[in-house]
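Trainee: Contents of data-v1.cif (mmCIF, C-alpha atoms):
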```
data_final
#
loop_
_atom_site.group_PDB
_atom_site.id
_atom_site.type_symbol
_atom_site.label_atom_id
_atom_site.label_comp_id
_atom_site.auth_asym_id
_atom_site.auth_seq_id
_atom_site.Cartn_x
_atom_site.Cartn_y
_atom_site.Cartn_z
ATOM 1 C CA MET A 1 -68.250 69.720 199.017
ATOM 2 C CA ALA A 2 -67.129 68.558 195.566
ATOM 3 C CA LYS A 3 -70.740 68.088 194.603
ATOM 4 C CA ARG A 4 -71.517 71.681 195.552
ATOM 5 C CA ARG A 5 -68.638 72.977 193.401
ATOM 6 C CA ARG A 6 -69.883 70.943 190.426
ATOM 7 C CA THR A 7 -73.398 72.350 190.934
ATOM 8 C CA SER A 8 -72.071 75.921 191.106
ATOM 9 C CA ARG A 9 -70.048 75.418 187.919
ATOM 10 C CA ALA A 10 -73.086 73.947 186.180
ATOM 11 C CA ARG A 11 -75.187 76.927 187.158
ATOM 12 C CA ALA A 12 -72.498 79.346 185.951
ATOM 13 C CA ARG A 13 -72.254 77.805 182.469
ATOM 14 C CA PRO A 14 -75.595 79.245 181.146
ATOM 15 C CA ALA A 15 -74.658 82.692 182.452
ATOM 16 C CA ARG A 16 -71.275 82.503 180.726
ATOM 17 C CA ARG A 17 -72.929 81.393 177.504
ATOM 18 C CA ARG A 18 -75.384 84.303 177.641
ATOM 19 C CA ALA A 19 -72.542 86.749 178.224
ATOM 20 C CA ALA A 20 -70.628 85.275 175.296
ATOM 21 C CA ARG A 21 -73.674 85.661 173.052
ATOM 22 C CA ARG A 22 -74.036 89.304 174.072
ATOM 23 C CA ARG A 23 -70.358 89.947 173.287
ATOM 24 C CA SER A 24 -70.759 88.271 169.902
ATOM 25 C CA ALA A 25 -73.784 90.429 169.151
ATOM 26 C CA LEU A 26 -71.884 93.601 170.053
ATOM 27 C CA PHE A 27 -69.090 92.673 167.658
ATOM 28 C CA ALA A 28 -71.526 91.606 164.944
ATOM 29 C CA TRP A 29 -73.553 94.833 164.752
ATOM 30 C CA PRO A 30 -70.725 97.005 163.355
ATOM 31 C CA LEU A 31 -70.095 94.376 160.703
ATOM 32 C CA ILE A 32 -73.782 94.298 159.773
ATOM 33 C CA VAL A 33 -73.942 98.098 159.521
ATOM 34 C CA ALA A 34 -70.780 98.218 157.411
ATOM 35 C CA ALA A 35 -72.122 95.517 155.109
ATOM 36 C CA PHE A 36 -75.400 97.413 154.680
ATOM 37 C CA ALA A 37 -73.547 100.653 153.889
ATOM 38 C CA LEU A 38 -71.439 98.948 151.235
ATOM 39 C CA ALA A 39 -74.531 97.412 149.690
ATOM 40 C CA ALA A 40 -76.313 100.760 149.745
ATOM 41 C CA VAL A 41 -73.420 102.467 147.961
ATOM 42 C CA GLY A 42 -73.369 99.729 145.369
ATOM 43 C CA LEU A 43 -77.088 100.053 144.733
ATOM 44 C CA GLY A 44 -77.028 103.859 144.728
ATOM 45 C CA TRP A 45 -79.344 104.241 147.739
ATOM 46 C CA LEU A 46 -77.017 106.724 149.369
ATOM 47 C CA ASP A 47 -77.326 109.109 146.439
ATOM 48 C CA SER A 48 -80.498 110.459 148.004
ATOM 49 C CA TRP A 49 -78.566 111.361 151.166
ATOM 50 C CA ARG A 50 -75.948 113.447 149.372
ATOM 51 C CA PRO A 51 -76.296 117.247 149.480
ATOM 52 C CA ARG A 52 -78.163 118.490 146.451
ATOM 53 C CA ALA A 53 -76.833 121.262 144.234
ATOM 54 C CA PRO A 54 -78.578 124.546 144.994
ATOM 55 C CA ARG A 55 -81.481 125.469 142.787
ATOM 56 C CA PRO A 56 -80.326 127.757 139.946
ATOM 57 C CA VAL A 57 -81.158 131.418 140.443
ATOM 58 C CA ALA A 58 -82.568 131.928 136.958
ATOM 59 C CA LEU A 59 -83.874 129.913 134.043
ATOM 60 C CA PRO A 60 -81.299 129.238 131.303
ATOM 61 C CA LEU A 61 -82.513 131.819 128.790
ATOM 62 C CA SER A 62 -80.754 134.384 126.668
ATOM 63 C CA ALA A 63 -81.312 138.036 127.561
ATOM 64 C CA GLU A 64 -83.543 138.444 124.501
ATOM 65 C CA ALA A 65 -85.645 135.390 125.369
ATOM 66 C CA ALA A 66 -85.902 136.472 129.001
ATOM 67 C CA ARG A 67 -87.127 139.931 128.036
ATOM 68 C CA ALA A 68 -89.757 138.380 125.763
ATOM 69 C CA ALA A 69 -90.887 136.026 128.538
ATOM 70 C CA ASN A 70 -91.112 138.881 131.024
ATOM 71 C CA GLU A 71 -93.009 141.042 128.553
ATOM 72 C CA ALA A 72 -95.570 138.264 128.095
ATOM 73 C CA MET A 73 -96.316 138.176 131.824
ATOM 74 C CA PRO A 74 -99.040 140.745 132.564
ATOM 75 C CA PHE A 75 -98.967 143.418 135.253
ATOM 76 C CA HIS A 76 -101.583 143.295 138.001
ATOM 77 C CA ARG A 77 -101.391 146.839 139.260
ATOM 78 C CA GLU A 78 -104.574 146.383 141.260
ATOM 79 C CA ARG A 79 -102.491 144.174 143.568
ATOM 80 C CA ARG A 80 -99.974 146.963 144.180
ATOM 81 C CA ARG A 81 -101.093 147.988 147.649
ATOM 82 C CA ALA A 82 -99.620 151.085 149.252
ATOM 83 C CA ALA A 83 -96.778 150.445 151.672
ATOM 84 C CA ALA A 84 -97.024 151.876 155.165
ATOM 85 C CA ARG A 85 -94.517 154.437 156.392
ATOM 86 C CA TYR A 86 -91.545 152.720 158.002
ATOM 87 C CA ARG A 87 -90.997 153.482 161.651
ATOM 88 C CA PHE A 88 -87.416 152.933 162.696
ATOM 89 C CA ARG A 89 -86.881 151.897 166.300
ATOM 90 C CA GLY A 90 -83.309 152.146 167.459
ATOM 91 C CA GLY A 91 -80.573 154.466 168.621
ATOM 92 C CA ASP A 92 -78.178 156.604 166.617
ATOM 93 C CA ALA A 93 -75.667 153.789 166.102
ATOM 94 C CA GLU A 94 -78.369 151.391 164.868
ATOM 95 C CA ARG A 95 -79.764 154.049 162.551
ATOM 96 C CA ALA A 96 -76.335 154.772 161.060
ATOM 97 C CA GLN A 97 -75.797 151.065 160.445
ATOM 98 C CA ALA A 98 -79.222 150.685 158.839
ATOM 99 C CA ILE A 99 -78.580 153.685 156.564
ATOM 100 C CA GLU A 100 -75.306 152.159 155.415
ATOM 101 C CA CYS A 101 -76.912 148.768 154.694
ATOM 102 C CA LEU A 102 -79.754 150.386 152.747
ATOM 103 C CA ALA A 103 -77.434 152.673 150.784
ATOM 104 C CA THR A 104 -75.052 149.841 149.939
ATOM 105 C CA ALA A 105 -77.852 147.633 148.643
ATOM 106 C CA ALA A 106 -79.397 150.504 146.689
ATOM 107 C CA LEU A 107 -76.108 151.407 145.022
ATOM 108 C CA TYR A 108 -75.006 147.885 144.139
ATOM 109 C CA GLU A 109 -78.456 146.890 142.894
ATOM 110 C CA ALA A 110 -79.483 150.070 141.062
ATOM 111 C CA GLY A 111 -76.272 152.016 140.453
ATOM 112 C CA ASP A 112 -76.752 155.780 140.540
ATOM 113 C CA ASP A 113 -80.348 155.607 139.252
ATOM 114 C CA ARG A 114 -82.205 157.503 141.989
ATOM 115 C CA ARG A 115 -85.619 155.984 141.304
ATOM 116 C CA GLY A 116 -84.060 152.556 141.211
ATOM 117 C CA GLN A 117 -82.302 153.186 144.504
ATOM 118 C CA ARG A 118 -85.548 154.214 146.181
ATOM 119 C CA ALA A 119 -87.317 151.156 144.778
ATOM 120 C CA VAL A 120 -84.672 148.795 146.164
ATOM 121 C CA ILE A 121 -84.811 150.499 149.559
ATOM 122 C CA GLN A 122 -88.605 150.159 149.629
ATOM 123 C CA VAL A 123 -88.390 146.425 148.903
ATOM 124 C CA ILE A 124 -85.929 145.966 151.770
ATOM 125 C CA LEU A 125 -88.207 147.797 154.206
ATOM 126 C CA ASN A 126 -91.190 145.773 152.973
ATOM 127 C CA ARG A 127 -89.282 142.571 153.671
ATOM 128 C CA VAL A 128 -88.375 143.631 157.201
ATOM 129 C CA ARG A 129 -92.106 143.761 157.924
ATOM 130 C CA ALA A 130 -93.040 140.616 155.965
ATOM 131 C CA ARG A 131 -93.184 137.088 157.317
ATOM 132 C CA GLY A 132 -90.265 134.804 156.628
ATOM 133 C CA TYR A 133 -87.548 137.473 156.613
ATOM 134 C CA PRO A 134 -85.120 138.809 159.236
ATOM 135 C CA LYS A 135 -86.543 141.598 161.331
ATOM 136 C CA THR A 136 -83.633 144.003 160.873
ATOM 137 C CA ILE A 137 -82.613 145.989 157.807
ATOM 138 C CA CYS A 138 -79.058 144.659 157.658
ATOM 139 C CA GLY A 139 -80.366 141.154 158.340
ATOM 140 C CA VAL A 140 -82.576 141.380 155.262
ATOM 141 C CA VAL A 141 -79.829 142.849 153.064
ATOM 142 C CA TYR A 142 -77.260 140.179 153.954
ATOM 143 C CA GLN A 143 -79.589 137.204 154.324
ATOM 144 C CA GLY A 144 -77.891 134.142 152.809
ATOM 145 C CA SER A 145 -74.674 136.024 152.028
ATOM 146 C CA ALA A 146 -72.542 133.239 153.517
ATOM 147 C CA ARG A 147 -73.632 130.916 150.695
ATOM 148 C CA ASP A 148 -72.350 130.958 147.111
ATOM 149 C CA THR A 149 -75.972 130.888 146.003
ATOM 150 C CA GLY A 150 -79.097 131.521 147.942
ATOM 151 C CA CYS A 151 -78.345 135.122 148.936
ATOM 152 C CA GLN A 152 -81.354 137.423 148.708
ATOM 153 C CA PHE A 153 -79.446 140.265 147.050
ATOM 154 C CA SER A 154 -76.923 139.034 144.523
ATOM 155 C CA PHE A 155 -74.250 141.645 145.281
ATOM 156 C CA THR A 156 -73.707 140.051 148.715
ATOM 157 C CA CYS A 157 -72.489 136.722 147.334
ATOM 158 C CA ASP A 158 -71.404 137.149 143.705
ATOM 159 C CA GLY A 159 -68.128 138.954 144.296
ATOM 160 C CA SER A 160 -69.468 142.450 143.689
ATOM 161 C CA PHE A 161 -67.880 143.700 146.900
ATOM 162 C CA LEU A 162 -64.509 143.295 145.211
ATOM 163 C CA ARG A 163 -65.523 146.060 142.791
ATOM 164 C CA ARG A 164 -66.048 149.434 144.471
ATOM 165 C CA PRO A 165 -68.954 151.226 142.768
ATOM 166 C CA VAL A 166 -68.712 154.782 141.498
ATOM 167 C CA HIS A 167 -68.630 157.349 144.261
ATOM 168 C CA ARG A 168 -71.197 159.662 142.696
ATOM 169 C CA GLY A 169 -74.033 157.310 143.675
ATOM 170 C CA TRP A 170 -73.239 157.086 147.380
ATOM 171 C CA ALA A 171 -74.586 160.502 148.334
ATOM 172 C CA SER A 172 -77.968 159.961 146.692
ATOM 173 C CA ALA A 173 -78.218 156.402 148.075
ATOM 174 C CA ARG A 174 -77.534 157.553 151.638
ATOM 175 C CA ARG A 175 -79.946 160.446 151.245
ATOM 176 C CA ALA A 176 -82.675 158.079 150.024
ATOM 177 C CA ALA A 177 -81.952 155.719 152.920
ATOM 178 C CA ARG A 178 -82.255 158.508 155.505
ATOM 179 C CA ARG A 179 -85.539 159.676 154.020
ATOM 180 C CA ALA A 180 -86.963 156.158 153.955
ATOM 181 C CA LEU A 181 -86.102 155.653 157.615
ATOM 182 C CA ALA A 182 -87.811 158.964 158.341
ATOM 183 C CA GLY A 183 -91.030 157.595 156.815
ATOM 184 C CA GLU A 184 -90.828 158.445 153.119
ATOM 185 C CA VAL A 185 -92.545 155.816 150.944
ATOM 186 C CA PHE A 186 -91.716 155.010 147.312
ATOM 187 C CA ALA A 187 -95.263 154.407 146.105
ATOM 188 C CA GLU A 188 -94.365 153.110 142.636
ATOM 189 C CA VAL A 189 -93.558 149.612 143.949
ATOM 190 C CA GLY A 190 -96.074 149.541 146.792
ATOM 191 C CA GLY A 191 -95.596 146.545 149.072
ATOM 192 C CA ALA A 192 -93.379 144.596 146.645
ATOM 193 C CA THR A 193 -91.007 142.113 148.269
ATOM 194 C CA HIS A 194 -89.247 140.786 145.126
ATOM 195 C CA TYR A 195 -87.705 142.216 141.976
ATOM 196 C CA HIS A 196 -85.357 141.256 139.166
ATOM 197 C CA THR A 197 -83.922 142.772 136.007
ATOM 198 C CA ASP A 198 -85.840 142.236 132.792
ATOM 199 C CA TRP A 199 -82.983 140.317 131.126
ATOM 200 C CA MET A 200 -83.410 137.287 133.389
ATOM 201 C CA VAL A 201 -86.247 135.022 134.535
ATOM 202 C CA PRO A 202 -85.720 133.875 138.129
ATOM 203 C CA TYR A 203 -87.109 130.475 139.098
ATOM 204 C CA TRP A 204 -89.556 132.076 141.571
ATOM 205 C CA ARG A 205 -91.175 134.492 139.106
ATOM 206 C CA ASN A 206 -94.298 132.497 138.283
ATOM 207 C CA SER A 207 -95.179 132.044 141.948
ATOM 208 C CA LEU A 208 -95.578 135.804 142.432
ATOM 209 C CA VAL A 209 -97.645 138.636 140.954
ATOM 210 C CA LYS A 210 -95.988 141.329 138.832
ATOM 211 C CA VAL A 211 -97.085 144.803 139.897
ATOM 212 C CA ALA A 212 -94.564 147.400 138.731
ATOM 213 C CA ARG A 213 -91.588 148.331 136.593
ATOM 214 C CA VAL A 214 -88.900 150.831 137.533
ATOM 215 C CA GLY A 215 -86.278 151.188 134.836
ATOM 216 C CA THR A 216 -85.123 147.689 133.903
ATOM 217 C CA HIS A 217 -86.371 146.145 137.170
ATOM 218 C CA LEU A 218 -89.691 144.321 137.559
ATOM 219 C CA PHE A 219 -91.386 144.168 140.966
ATOM 220 C CA TYR A 220 -93.601 141.516 142.508
ATOM 221 C CA VAL A 221 -95.838 140.843 145.486
ATOM 222 C CA ARG A 222 -96.740 137.483 146.961
ATOM 223 C CA ALA A 223 -99.630 135.746 145.280
#
```
Produce structure tokens that represent the structure in this file.

Mentor:
Amino acid sequence: MAKRRRTSRARARPARRRAARRRSALFAWPLIVAAFALAAVGLGWLDSWRPRAPRPVALPLSAEAARAANEAMPFHRERRRAAARYRFRGGDAERAQAIECLATAALYEAGDDRRGQRAVIQVILNRVRARGYPKTICGVVYQGSARDTGCQFSFTCDGSFLRRPVHRGWASARRAARRALAGEVFAEVGGATHYHTDWMVPYWRNSLVKVARVGTHLFYVRA
């Protein structure tokens, strides 16, 4: 009987040793990971994992230098294809919301310049139908507005909403929005999906094709 107990204890020892090794390994792994993290911080490896600062919206140029740079970039009006009439699909409530989003963007981006307002509205409608953009008018207007940078229309994220624009532009902006939703096309910018003022050079400019000017705004299509 005693011999059997000794045999059982002898057989149990390897199992206990294996269990002890597994427990040691479980405790060791957190220490190894922590040691690696400290070493990585010391060597700067973790720098590549940190969030990067957003790409600047425009190149660091003075207004005069930007205008000269924009003037040097040629127009390719042969690439200015006619935009199709926009067909709005939605009820009265959706239409009213879309009109307000279009009018707001037109007024904040172009002030009370009626041609400028129509150009901005046309770009928004072109984007709704282009790949890579939200498929609703308000979605396009406010795309990226939750970020400090990265918004598609600067007035949605630069604090402009804190400054109420002049009232005299609202009527014309809403009228232009209603007409655009009814199918009116602003042919001067064609199918343009991008624009900027001539006193800045956005980082994306050279990847697109310049096709039109309306006032101080330059308009582009995808290359």

Trainee: Which residues come within 8 Å of A:Gln143, counting all atoms listed in the file, excluding same-chain residues fewer than 2 positions away, as a PyMOL selection string?

Mentor: chain A and resi 134+139-141+145+151-153

Trainee: I need the output of the PyMOL selection byres ((chain A and resi 65-71) around 10) for this file as a PyMOL selection string; which residues are they?

Mentor: chain A and resi 58-64+72-75+197-202+205+210+216+218

Trainee: Could you write those residues out with C-alpha atoms, as an mmCIF file, in the frame of the given file?

Mentor:
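Once written, result29.cif looks like this:
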```
data_model
loop_
_atom_site.group_PDB
_atom_site.id
_atom_site.type_symbol
_atom_site.label_atom_id
_atom_site.label_comp_id
_atom_site.auth_asym_id
_atom_site.auth_seq_id
_atom_site.Cartn_x
_atom_site.Cartn_y
_atom_site.Cartn_z
ATOM 1 C CA ALA A 58 -82.568 131.928 136.958
ATOM 2 C CA LEU A 59 -83.874 129.913 134.043
ATOM 3 C CA PRO A 60 -81.299 129.238 131.303
ATOM 4 C CA LEU A 61 -82.513 131.819 128.790
ATOM 5 C CA SER A 62 -80.754 134.384 126.668
ATOM 6 C CA ALA A 63 -81.312 138.036 127.561
ATOM 7 C CA GLU A 64 -83.543 138.444 124.501
ATOM 8 C CA ALA A 72 -95.570 138.264 128.095
ATOM 9 C CA MET A 73 -96.316 138.176 131.824
ATOM 10 C CA PRO A 74 -99.040 140.745 132.564
ATOM 11 C CA PHE A 75 -98.967 143.418 135.253
ATOM 12 C CA THR A 197 -83.922 142.772 136.007
ATOM 13 C CA ASP A 198 -85.840 142.236 132.792
ATOM 14 C CA TRP A 199 -82.983 140.317 131.126
ATOM 15 C CA MET A 200 -83.410 137.287 133.389
ATOM 16 C CA VAL A 201 -86.247 135.022 134.535
ATOM 17 C CA PRO A 202 -85.720 133.875 138.129
ATOM 18 C CA ARG A 205 -91.175 134.492 139.106
ATOM 19 C CA LYS A 210 -95.988 141.329 138.832
ATOM 20 C CA THR A 216 -85.123 147.689 133.903
ATOM 21 C CA LEU A 218 -89.691 144.321 137.559
#
```

Trainee: When you draw a straight line from atom CA of A:Glu100 to atom CA of A:Arg80, how long is it in Å?

Mentor: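 Atom-to-atom, atom CA of A:Glu100 to atom CA of A:Arg80, that is 27.6 Å.
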
Trainee: Which residue out of A:Arg89, A:Arg127, A:Arg174, A:Lys135 has the minimum interatomic distance to A:Ala105 when only C-alpha atoms are used?

Mentor: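 Closest to A:Ala105 of all the choices is A:Arg174.
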
Trainee: Just give me the gap between atom CA of A:Glu188 and atom CA of A:Ser154 in Å, one decimal is fine.

Mentor: 22.5 Å

Trainee: Compare A:Val214, A:Leu181, A:Ala96, A:Ala171 by their minimum atom-to-atom distance to A:Leu125, counting all atoms listed in the file, and give me the closest one.

Mentor: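 Ranking A:Val214, A:Leu181, A:Ala96, A:Ala171 by distance to A:Leu125, first place goes to A:Leu181.
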
Trainee: Report the distance between atom CA of A:Ala180 and atom CA of A:Arg85 in Å, rounded to one decimal place.

Mentor: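 About the pair atom CA of A:Ala180 and atom CA of A:Arg85: they are 8.1 Å apart.
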
Trainee: Between A:Arg114, A:His196, A:Arg131, A:Arg222, which residue has the minimum interatomic distance to A:Arg175, considering only C-alpha atoms?

Mentor: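 Counting only C-alpha atoms, the residue closest to A:Arg175 is A:Arg114.
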
Trainee: Would you mind telling me which residue in A:Gly144, A:Asp92, A:Trp204, A:Gln122 lies nearest to A:Gly190 when using all atoms listed in the file?

Mentor: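 Using all atoms listed in the file, the shortest distance to A:Gly190 belongs to A:Gln122.
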
Trainee: Leaving out stretch 111-113 of chain A and any residue of its chain fewer than 3 positions from it, which residues lie within 12 Å of it when counting only C-alpha atoms, given as a PyMOL selection string?

Mentor: chain A and resi 103-108+116-120+155+164-174+176+214-217
